[in-house]
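Participant: Sending over entry.txt (compact mmCIF, C-alpha atoms).
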# COMPACT_ATOMS: atom_id res chain seq x y z
CA MET A 280 0.00 0.00 0.00
CA ARG A 281 1.33 3.43 -0.94
CA ASP A 282 2.11 5.92 1.83
CA ARG A 283 -0.49 8.68 1.89
CA ILE A 284 0.85 12.21 2.27
CA LEU A 285 -1.23 15.26 3.11
CA VAL A 286 -0.23 18.54 1.47
CA THR A 287 -1.89 21.50 3.16
CA GLY A 288 -2.16 24.41 0.76
CA GLY A 289 -1.74 21.90 -2.07
CA ALA A 290 -3.51 24.13 -4.61
CA GLY A 291 -1.03 26.93 -4.01
CA PHE A 292 2.10 27.71 -5.97
CA ILE A 293 4.59 25.53 -4.09
CA GLY A 294 1.93 23.08 -2.94
CA ASN A 295 0.85 22.01 -6.42
CA HIS A 296 4.46 21.45 -7.45
CA LEU A 297 4.86 19.22 -4.39
CA VAL A 298 1.71 17.25 -5.23
CA ARG A 299 2.96 16.59 -8.75
CA ARG A 300 6.31 15.38 -7.47
CA LEU A 301 4.69 13.11 -4.87
CA LEU A 302 2.52 11.46 -7.53
CA ALA A 303 5.55 11.00 -9.76
CA GLU A 304 7.39 9.35 -6.86
CA GLY A 305 4.53 6.89 -6.30
CA TYR A 306 2.96 8.36 -3.18
CA ALA A 307 -0.78 8.76 -2.62
CA ALA A 308 -1.54 12.49 -2.26
CA ARG A 309 -4.30 14.22 -0.32
CA VAL A 310 -4.74 18.00 -0.52
CA LEU A 311 -6.26 20.36 2.04
CA ASP A 312 -6.97 23.84 0.65
CA ASN A 313 -9.58 26.56 1.15
CA PHE A 314 -8.81 28.10 -2.28
CA GLU A 315 -8.42 31.58 -0.84
CA THR A 316 -5.00 31.97 -2.44
CA GLY A 317 -4.65 28.52 -4.02
CA LYS A 318 -6.17 27.98 -7.45
CA ARG A 319 -8.36 25.11 -8.59
CA GLU A 320 -6.74 25.26 -12.03
CA ASN A 321 -3.42 24.26 -10.42
CA LEU A 322 -4.94 20.83 -9.68
CA SER A 323 -7.51 20.51 -12.47
CA ASP A 324 -5.48 17.96 -14.43
CA LEU A 325 -4.86 15.91 -11.25
CA GLN A 326 -8.42 15.65 -9.91
CA ASN A 327 -8.63 11.91 -10.66
CA GLU A 328 -5.26 11.22 -9.02
CA ILE A 329 -5.62 12.99 -5.68
CA GLU A 330 -7.97 13.22 -2.71
CA LEU A 331 -9.20 16.75 -2.11
CA VAL A 332 -10.44 18.12 1.20
CA GLU A 333 -11.78 21.64 0.84
CA GLY A 334 -11.34 23.51 4.09
CA ASP A 335 -9.27 25.83 6.26
CA VAL A 336 -6.36 25.05 8.60
CA ARG A 337 -7.96 27.46 11.08
CA ASP A 338 -10.67 24.84 11.66
CA LEU A 339 -9.28 22.04 13.84
CA GLU A 340 -11.94 19.45 12.99
CA THR A 341 -11.35 19.95 9.26
CA VAL A 342 -7.63 19.44 9.82
CA ARG A 343 -8.26 16.30 11.85
CA ALA A 344 -10.31 14.84 8.99
CA ALA A 345 -7.62 15.73 6.46
CA VAL A 346 -4.77 14.26 8.52
CA ALA A 347 -6.54 10.94 9.28
CA GLY A 348 -4.76 8.03 7.64
CA CYS A 349 -1.74 10.06 6.46
CA ARG A 350 1.75 8.95 7.39
CA PHE A 351 3.38 12.28 6.50
CA ILE A 352 2.24 15.90 6.26
CA LEU A 353 3.79 18.60 4.11
CA HIS A 354 2.41 21.76 5.69
CA GLU A 355 2.40 24.54 3.08
CA ALA A 356 -0.84 26.35 3.96
CA ALA A 357 -0.15 30.00 4.76
CA ILE A 358 -0.83 33.56 3.78
CA GLY A 359 2.65 34.09 2.42
CA SER A 360 2.96 37.85 2.30
CA VAL A 361 4.88 40.29 4.48
CA PRO A 362 2.92 43.37 3.25
CA ARG A 363 -0.42 41.64 3.79
CA SER A 364 0.60 40.69 7.33
CA VAL A 365 1.45 44.33 8.06
CA VAL A 366 -2.06 45.31 6.95
CA ASN A 367 -3.76 42.41 8.78
CA PRO A 368 -1.48 40.91 11.48
CA LEU A 369 -4.21 38.86 13.18
CA GLU A 370 -5.11 37.05 9.96
CA SER A 371 -1.47 36.19 9.32
CA TYR A 372 -0.98 34.83 12.82
CA GLU A 373 -4.21 32.84 12.82
CA VAL A 374 -3.31 31.06 9.58
CA CYS A 375 0.46 30.68 9.88
CA ALA A 376 0.83 30.07 13.63
CA ASN A 377 -2.52 28.80 14.91
CA GLY A 378 -3.10 26.83 11.70
CA THR A 379 0.24 25.09 12.24
CA LEU A 380 -0.73 24.23 15.82
CA HIS A 381 -3.87 22.59 14.45
CA VAL A 382 -1.81 20.53 12.00
CA LEU A 383 0.61 19.43 14.72
CA GLU A 384 -2.15 18.55 17.18
CA ALA A 385 -4.09 16.60 14.57
CA ALA A 386 -0.93 14.81 13.43
CA ARG A 387 0.06 13.63 16.90
CA HIS A 388 -3.40 12.28 17.70
CA ALA A 389 -3.66 10.57 14.30
CA GLY A 390 -0.32 8.84 14.76
CA ALA A 391 1.38 10.56 11.82
CA GLU A 392 5.11 9.99 11.60
CA ARG A 393 6.52 13.32 10.43
CA VAL A 394 5.42 16.88 9.65
CA VAL A 395 7.52 19.00 7.31
CA PHE A 396 6.70 22.67 7.84
CA ALA A 397 7.19 25.46 5.29
CA SER A 398 8.88 28.23 7.25
CA SER A 399 10.45 31.38 5.86
CA SER A 400 13.74 33.22 5.58
CA SER A 401 11.87 36.24 6.95
CA VAL A 402 12.45 34.92 10.49
CA TYR A 403 16.08 36.11 10.20
CA GLY A 404 15.05 39.74 9.68
CA ASP A 405 17.98 42.07 9.04
CA GLU A 406 20.56 39.64 10.37
CA VAL A 407 23.85 41.21 9.25
CA GLU A 408 25.84 38.00 8.91
CA MET A 409 25.85 36.65 5.36
CA PRO A 410 25.11 33.97 4.48
CA LYS A 411 22.37 33.42 7.05
CA ARG A 412 22.82 30.31 9.16
CA GLU A 413 20.24 28.42 11.18
CA SER A 414 22.21 29.14 14.37
CA ALA A 415 21.62 32.91 14.03
CA LYS A 416 19.22 34.55 16.48
CA PRO A 417 15.89 35.22 14.75
CA LYS A 418 14.91 38.90 14.35
CA PRO A 419 11.42 38.95 12.80
CA LEU A 420 10.45 42.34 11.36
CA SER A 421 6.84 41.61 10.37
CA PRO A 422 3.79 39.80 11.72
CA TYR A 423 4.29 37.16 9.01
CA ALA A 424 7.85 36.48 10.17
CA LEU A 425 6.70 36.37 13.79
CA ALA A 426 3.99 33.84 12.94
CA LYS A 427 6.43 31.61 11.05
CA LEU A 428 8.90 31.72 13.92
CA SER A 429 6.17 30.84 16.41
CA ALA A 430 5.16 27.89 14.22
CA GLU A 431 8.77 26.70 14.03
CA GLN A 432 9.01 26.75 17.81
CA ALA A 433 5.73 24.85 18.08
CA CYS A 434 7.21 22.15 15.84
CA GLY A 435 10.19 21.77 18.17
CA ILE A 436 7.94 21.58 21.24
CA PHE A 437 5.78 18.86 19.66
CA THR A 438 8.91 16.86 18.90
CA ARG A 439 10.24 17.17 22.46
CA LEU A 440 6.95 16.66 24.28
CA TYR A 441 5.13 14.16 22.09
CA GLY A 442 7.77 12.52 19.89
CA LEU A 443 6.19 13.80 16.68
CA GLU A 444 8.95 14.11 14.10
CA THR A 445 9.08 17.64 12.69
CA VAL A 446 11.31 19.40 10.18
CA ALA A 447 11.05 23.11 9.36
CA LEU A 448 12.39 24.40 6.04
CA ARG A 449 13.14 28.09 5.77
CA TYR A 450 12.27 29.00 2.20
CA PHE A 451 14.19 31.78 0.46
CA ASN A 452 12.18 33.68 -2.20
CA VAL A 453 10.80 30.75 -4.16
CA PHE A 454 9.83 31.33 -7.79
CA GLY A 455 8.76 29.36 -10.85
CA PRO A 456 5.83 28.48 -13.14
CA ARG A 457 2.24 28.85 -11.92
CA GLN A 458 3.10 31.57 -9.40
CA ASP A 459 0.33 34.18 -9.26
CA PRO A 460 1.46 37.61 -10.55
CA GLN A 461 -1.89 39.35 -10.17
CA SER A 462 -2.30 39.91 -6.43
CA GLN A 463 -1.22 43.24 -4.95
CA TYR A 464 0.96 41.08 -2.67
CA ALA A 465 2.45 39.02 -5.50
CA ALA A 466 6.07 37.88 -5.32
CA VAL A 467 8.60 39.99 -7.15
CA ILE A 468 9.69 37.64 -9.98
CA PRO A 469 6.26 36.87 -11.49
CA ARG A 470 5.32 40.53 -11.05
CA PHE A 471 8.43 41.72 -12.88
CA ILE A 472 8.18 39.14 -15.67
CA THR A 473 4.53 39.79 -16.49
CA ALA A 474 5.03 43.57 -16.41
CA MET A 475 8.09 43.44 -18.66
CA LEU A 476 6.44 41.03 -21.11
CA ALA A 477 3.80 43.73 -21.57
CA GLY A 478 6.45 46.44 -21.92
CA ASP A 479 5.53 47.99 -18.57
CA ALA A 480 8.02 49.22 -15.99
CA PRO A 481 8.41 46.84 -13.03
CA VAL A 482 7.97 48.59 -9.69
CA ILE A 483 10.87 48.46 -7.24
CA TYR A 484 10.17 49.50 -3.65
CA GLY A 485 13.37 51.16 -2.47
CA ASP A 486 16.64 51.66 -4.34
CA GLY A 487 16.80 48.24 -6.00
CA LEU A 488 20.02 47.28 -4.24
CA GLN A 489 18.16 44.99 -1.86
CA SER A 490 19.09 41.40 -2.61
CA ARG A 491 17.48 37.99 -2.36
CA ASP A 492 18.49 34.33 -2.53
CA PHE A 493 16.01 33.54 -5.30
CA THR A 494 15.26 29.81 -5.29
CA TYR A 495 13.66 27.92 -8.17
CA VAL A 496 10.66 25.89 -7.03
CA ASP A 497 12.08 22.49 -8.04
CA ASN A 498 14.83 22.96 -5.46
CA VAL A 499 12.32 23.54 -2.67
CA VAL A 500 10.38 20.46 -3.77
CA ASP A 501 13.61 18.45 -3.56
CA ALA A 502 14.27 19.83 -0.07
CA ASN A 503 10.82 18.69 1.07
CA LEU A 504 11.33 15.17 -0.27
CA ARG A 505 14.71 15.03 1.47
CA ALA A 506 13.11 16.25 4.70
CA LEU A 507 10.48 13.51 4.43
CA THR A 508 12.91 10.67 3.96
CA ALA A 509 16.08 11.62 5.84
CA PRO A 510 16.76 9.51 8.96
CA ALA A 511 15.15 11.01 12.06
CA HIS A 512 18.40 11.24 14.04
CA LEU A 513 19.78 13.54 11.32
CA ALA A 514 16.71 15.43 10.07
CA VAL A 515 14.84 15.84 13.35
CA GLY A 516 17.32 15.32 16.17
CA ALA A 517 16.01 15.77 19.69
CA SER A 518 13.96 18.92 19.15
CA GLY A 519 12.89 19.19 15.52
CA GLY A 520 15.24 20.26 12.75
CA VAL A 521 15.34 23.68 11.08
CA TYR A 522 17.05 24.05 7.71
CA ASN A 523 17.51 26.65 5.00
CA ALA A 524 16.06 25.73 1.61
CA SER A 525 17.64 27.92 -1.05
CA CYS A 526 20.35 28.15 -3.70
CA GLY A 527 22.90 29.93 -1.51
CA GLY A 528 23.39 32.91 -3.86
CA ARG A 529 22.32 36.55 -3.91
CA THR A 530 20.79 38.74 -6.64
CA SER A 531 19.75 42.40 -6.32
CA LEU A 532 16.46 43.62 -7.76
CA LEU A 533 18.37 45.76 -10.26
CA GLU A 534 20.28 42.66 -11.37
CA LEU A 535 16.97 40.80 -11.61
CA VAL A 536 15.57 43.42 -13.98
CA ASP A 537 18.74 43.18 -16.10
CA ALA A 538 18.50 39.37 -16.19
CA ILE A 539 14.85 39.41 -17.29
CA ASN A 540 15.63 42.01 -19.97
CA ALA A 541 18.49 39.85 -21.22
CA THR A 542 16.24 36.78 -21.38
CA LEU A 543 13.44 38.66 -23.18
CA GLY A 544 15.72 40.70 -25.42
CA SER A 545 14.04 43.85 -24.09
CA ASP A 546 15.18 47.09 -22.48
CA VAL A 547 12.54 47.97 -19.89
CA ALA A 548 13.60 50.31 -17.08
CA PRO A 549 12.13 49.94 -13.57
CA ARG A 550 10.03 52.50 -11.72
CA PHE A 551 10.94 53.25 -8.10
CA GLU A 552 8.57 53.66 -5.15
CA PRO A 553 9.28 54.17 -1.40
CA GLU A 554 10.44 51.21 0.66
CA ARG A 555 7.74 49.08 2.28
CA ALA A 556 7.43 48.47 6.01
CA GLY A 557 8.68 45.07 7.17
CA ASP A 558 10.83 44.36 4.11
CA VAL A 559 14.29 42.86 4.68
CA LYS A 560 17.23 44.54 2.90
CA HIS A 561 19.42 41.52 2.14
CA SER A 562 18.88 37.78 2.24
CA GLN A 563 21.25 34.92 1.44
CA ALA A 564 21.36 31.45 2.95
CA SER A 565 23.96 28.97 3.98
CA ILE A 566 22.81 25.50 2.91
CA GLU A 567 25.64 23.60 4.57
CA LEU A 568 23.43 22.13 7.29
CA ALA A 569 20.73 21.01 4.86
CA THR A 570 23.37 19.39 2.66
CA GLU A 571 25.01 17.64 5.61
CA ARG A 572 21.88 16.31 7.31
CA LEU A 573 19.27 16.08 4.55
CA GLY A 574 21.50 15.49 1.55
CA TYR A 575 20.01 18.58 -0.10
CA VAL A 576 21.86 20.07 -3.07
CA PRO A 577 20.02 22.55 -5.34
CA ALA A 578 19.75 21.08 -8.84
CA VAL A 579 18.60 24.22 -10.71
CA ASN A 580 20.62 27.44 -10.45
CA PHE A 581 19.11 30.92 -10.57
CA ALA A 582 19.87 31.59 -14.24
CA GLU A 583 18.35 28.32 -15.43
CA GLY A 584 15.34 28.69 -13.14
CA LEU A 585 14.71 32.23 -14.38
CA ALA A 586 14.96 31.11 -18.02
CA ARG A 587 12.40 28.34 -17.40
CA THR A 588 10.09 30.74 -15.58
CA VAL A 589 10.26 33.48 -18.21
CA ALA A 590 9.55 30.88 -20.91
CA TRP A 591 6.46 29.65 -19.04
CA TYR A 592 5.01 33.15 -18.59
CA ALA A 593 5.82 34.08 -22.19
CA GLU A 594 4.03 30.97 -23.45
CA ARG A 595 1.01 31.74 -21.28
CA ALA A 596 0.91 35.36 -22.45
CA ALA A 597 1.05 34.23 -26.10
CA ALA A 598 -1.79 31.76 -25.51
CA GLU A 599 -3.94 34.41 -23.85
CA ALA A 600 -3.26 36.85 -26.68
CA ALA A 601 -4.28 34.24 -29.24
CA VAL A 602 -7.62 33.73 -27.50
CA ALA A 603 -8.32 37.46 -27.06
Written as structure tokens, how would this file's structure read?
Facilitator:
Amino acid sequence: MRDRILVTGGAGFIGNHLVRRLLAEGYAARVLDNFETGKRENLSDLQNEIELVEGDVRDLETVRAAVAGCRFILHEAAIGSVPRSVVNPLESYEVCANGTLHVLEAARHAGAERVVFASSSSVYGDEVEMPKRESAKPKPLSPYALAKLSAEQACGIFTRLYGLETVALRYFNVFGPRQDPQSQYAAVIPRFITAMLAGDAPVIYGDGLQSRDFTYVDNVVDANLRALTAPAHLAVGASGGVYNASCGGRTSLLELVDAINATLGSDVAPRFEPERAGDVKHSQASIELATERLGYVPAVNFAEGLARTVAWYAERAAAEAAVA
């Protein structure tokens, strides 16, 4: 019998990539999603291959039903936006922190073996040491970062108190196909690509020198599979493991604009707006610990990931233009 894995937020950007990989690896996949930010179209071609539970991680009984019978949980459900959390801090905390508590509580009572939690590089804040290491003291600058840090700590407590295996992966600016560019809180790469495909100036908040460890989505999927299967004494330890999931590089927003222009063969200049509250200036990860304990090595570098992503959005834009 195939191991059944629950993916919370499985209709979201990273979640649907995880579901596809799990099916390809021979697992049985169940998805929990409320479709607030996830999209049904992300799973439309998989509806006969997955179990779907429509519901919210803020509802404990719904989570209990979704977790039942699952050996592993990949917990992706979140409202993944720093600006949105600044506008509505309670919503961010309820979903990211309290929702994670529901997943952990349901998992321990259902006898699940391991929960892999999608944390965030935002927990580091403006940590000056580069690259950022898991041993650094967290300095959250936004309600979103605070909620993710609280959820990480809950994972460690559930490992120590109840023996539930937990692994937290700190994602660094994940990008790739099927990422939503339309929301006012959209991530920077899909926003820039879609604007520049249309010949519009991408908006940079600040001076553009801020830098990110942009990580192609396939690498994060690999990190999750490694976190699922690595031996507990390495991945989890005594108190739940925390690992960076990234490429280990750094690209400024000005360099990102140049790279997209080079890929498109365009010459679109950015437009600058004031810095946003809660934003981190620089972000770059050390992946030494994840490599040592999980066997994680990023397979797709930034340049290749960006080329794949630009090609996907360009193909989609051409298809939409043909229909219009």
Participant: Which one of A:Arg470, A:Phe396, A:Leu425, A:Pro553 sits closest to Pro368 of chain A if you count only C-alpha atoms?
Facilitator: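 Smallest distance to Pro368 of chain A is found for A:Leu425.
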Participant: Please write as a PyMOL selection string the list of polymer residues whose atoms come within 12 Å of (12.0, 13.2, -2.4), counting all atoms listed in the file and keeping to the coordinates of the file.
Facilitator: chain A and resi 297-306+353+497-509+573-575
Participant: Distance cut-off 7 Å, centre (11.5, 21.1, 14.2) in file coordinates, counting only C-alpha atoms: which residues qualify? Return them as a list of chain:residue names.
Facilitator: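 Final list of nearby residues, as requested, is A:Glu431, A:Cys434, A:Gly435, A:Thr438, A:Thr445, A:Val446, A:Ala447, A:Val515, A:Ser518, A:Gly519, A:Gly520, A:Val521.
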Participant: With a distance cut-off of 10 Å and all atoms listed in the file, select the neighbouring residues of Gly485 of chain A, excluding the residue or stretch itself and same-chain residues fewer than 6 positions from it, and output the selection as a CSV table (one decimal) with C-alpha atoms, keeping the file's coordinate frame.
Facilitator:
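Below is the file result17.csv, written as the result:
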chain,number,residue,atom,x,y,z
A,532,LEU,CA,16.5,43.6,-7.8
A,550,ARG,CA,10.0,52.5,-11.7
A,551,PHE,CA,10.9,53.2,-8.1
A,552,GLU,CA,8.6,53.7,-5.2
A,553,PRO,CA,9.3,54.2,-1.4
A,554,GLU,CA,10.4,51.2,0.7
A,555,ARG,CA,7.7,49.1,2.3
A,558,ASP,CA,10.8,44.4,4.1
A,560,LYS,CA,17.2,44.5,2.9
Participant: Which residue gives the smallest distance to Ala556 of chain A among A:Phe437, A:Tyr484, A:Phe454, A:Ala389, with all atoms listed in the file counted?
Facilitator: A:Tyr484
Participant: Between A:Tyr441, A:Ser360, A:Ala376, A:Glu594, which one has atoms that come closest to Val467 of chain A, using all atoms listed in the file?
Facilitator: A:Ser360
Participant: Which polymer residues have any atom within 9 Å of an atom of Ala385 of chain A, counting only C-alpha atoms, with same-chain residues fewer than 4 positions away left out, as a list of chain:residue names?
Facilitator: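 So the residues in contact are A:Leu339, A:Glu340, A:Val342, A:Arg343, A:Ala344, A:Ala345, A:Val346, A:Ala347, A:Leu380, A:His381, A:Ala389, A:Gly390, A:Ala391.
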Participant: Could you tell me which of A:Asn523, A:Asn321, A:Thr287, A:Ser545 comes closest to Glu413 of chain A if we count all atoms listed in the file?
Facilitator: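 Once distances to Glu413 of chain A are computed over all atoms listed in the file, the minimum belongs to A:Asn523.
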Participant: Which is closest to Leu568 of chain A among A:Val453, A:Leu322, A:Leu543, A:Leu448, if we use all atoms listed in the file?
Facilitator: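 When distances to Leu568 of chain A are compared using all atoms listed in the file, the smallest one comes from A:Leu448.
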Participant: Figure out the distance between atom CA of Glu392 of chain A and atom CA of Ala430 of chain A, please, to one decimal in Å.
Facilitator: 18.1 Å
Participant: Which one is closest to Glu355 of chain A: A:Glu384, A:Cys375, A:Asn313, A:Gly294? Count all atoms listed in the file.
Facilitator: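 Under the stated criterion, the closest residue is A:Gly294.
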Participant: Could you add the missing atoms to segment 375-398 of chain A, up to N, CA and C atoms, and return them as an mmCIF file, in the coordinates of the input?
Facilitator:
data_model
loop_
_atom_site.group_PDB
_atom_site.id
_atom_site.type_symbol
_atom_site.label_atom_id
_atom_site.label_comp_id
_atom_site.auth_asym_id
_atom_site.auth_seq_id
_atom_site.Cartn_x
_atom_site.Cartn_y
_atom_site.Cartn_z
ATOM 1 N N CYS A 375 -0.902 31.224 9.882
ATOM 2 C CA CYS A 375 0.460 30.680 9.880
ATOM 3 C C CYS A 375 0.861 30.042 11.203
ATOM 4 N N ALA A 376 0.440 30.613 12.317
ATOM 5 C CA ALA A 376 0.830 30.070 13.630
ATOM 6 C C ALA A 376 -0.239 29.141 14.189
ATOM 7 N N ASN A 377 -1.460 29.650 14.353
ATOM 8 C CA ASN A 377 -2.520 28.800 14.910
ATOM 9 C C ASN A 377 -2.862 27.644 13.973
ATOM 10 N N GLY A 378 -2.851 27.903 12.670
ATOM 11 C CA GLY A 378 -3.100 26.830 11.700
ATOM 12 C C GLY A 378 -2.068 25.717 11.828
ATOM 13 N N THR A 379 -0.813 26.092 12.059
ATOM 14 C CA THR A 379 0.240 25.090 12.240
ATOM 15 C C THR A 379 0.026 24.289 13.517
ATOM 16 N N LEU A 380 -0.402 24.959 14.589
ATOM 17 C CA LEU A 380 -0.730 24.230 15.820
ATOM 18 C C LEU A 380 -1.821 23.190 15.574
ATOM 19 N N HIS A 381 -2.813 23.543 14.779
ATOM 20 C CA HIS A 381 -3.870 22.590 14.450
ATOM 21 C C HIS A 381 -3.304 21.378 13.707
ATOM 22 N N VAL A 382 -2.414 21.632 12.757
ATOM 23 C CA VAL A 382 -1.810 20.530 12.000
ATOM 24 C C VAL A 382 -0.996 19.633 12.929
ATOM 25 N N LEU A 383 -0.210 20.219 13.801
ATOM 26 C CA LEU A 383 0.610 19.430 14.720
ATOM 27 C C LEU A 383 -0.244 18.623 15.682
ATOM 28 N N GLU A 384 -1.271 19.243 16.230
ATOM 29 C CA GLU A 384 -2.150 18.550 17.180
ATOM 30 C C GLU A 384 -2.897 17.412 16.500
ATOM 31 N N ALA A 385 -3.395 17.659 15.301
ATOM 32 C CA ALA A 385 -4.090 16.600 14.570
ATOM 33 C C ALA A 385 -3.130 15.473 14.202
ATOM 34 N N ALA A 386 -1.910 15.821 13.830
ATOM 35 C CA ALA A 386 -0.930 14.810 13.430
ATOM 36 C C ALA A 386 -0.544 13.907 14.591
ATOM 37 N N ARG A 387 -0.353 14.480 15.766
ATOM 38 C CA ARG A 387 0.060 13.630 16.900
ATOM 39 C C ARG A 387 -1.052 12.693 17.335
ATOM 40 N N HIS A 388 -2.291 13.141 17.296
ATOM 41 C CA HIS A 388 -3.400 12.280 17.700
ATOM 42 C C HIS A 388 -3.711 11.230 16.632
ATOM 43 N N ALA A 389 -3.398 11.530 15.374
ATOM 44 C CA ALA A 389 -3.660 10.570 14.300
ATOM 45 C C ALA A 389 -2.536 9.566 14.136
ATOM 46 N N GLY A 390 -1.437 9.757 14.866
ATOM 47 C CA GLY A 390 -0.320 8.840 14.760
ATOM 48 C C GLY A 390 0.541 9.049 13.527
ATOM 49 N N ALA A 391 0.521 10.259 12.965
ATOM 50 C CA ALA A 391 1.380 10.560 11.820
ATOM 51 C C ALA A 391 2.843 10.474 12.246
ATOM 52 N N GLU A 392 3.700 10.193 11.284
ATOM 53 C CA GLU A 392 5.110 9.990 11.600
ATOM 54 C C GLU A 392 5.901 11.298 11.580
ATOM 55 N N ARG A 393 5.683 12.123 10.565
ATOM 56 C CA ARG A 393 6.520 13.320 10.430
ATOM 57 C C ARG A 393 5.723 14.448 9.763
ATOM 58 N N VAL A 394 5.962 15.671 10.257
ATOM 59 C CA VAL A 394 5.420 16.880 9.650
ATOM 60 C C VAL A 394 6.581 17.724 9.147
ATOM 61 N N VAL A 395 6.535 18.082 7.874
ATOM 62 C CA VAL A 395 7.520 19.000 7.310
ATOM 63 C C VAL A 395 6.820 20.345 7.126
ATOM 64 N N PHE A 396 7.358 21.362 7.786
ATOM 65 C CA PHE A 396 6.700 22.670 7.840
ATOM 66 C C PHE A 396 7.420 23.679 6.952
ATOM 67 N N ALA A 397 6.646 24.411 6.145
ATOM 68 C CA ALA A 397 7.190 25.460 5.290
ATOM 69 C C ALA A 397 7.361 26.739 6.088
ATOM 70 N N SER A 398 8.580 26.984 6.550
ATOM 71 C CA SER A 398 8.880 28.230 7.250
ATOM 72 C C SER A 398 9.417 29.247 6.238
#
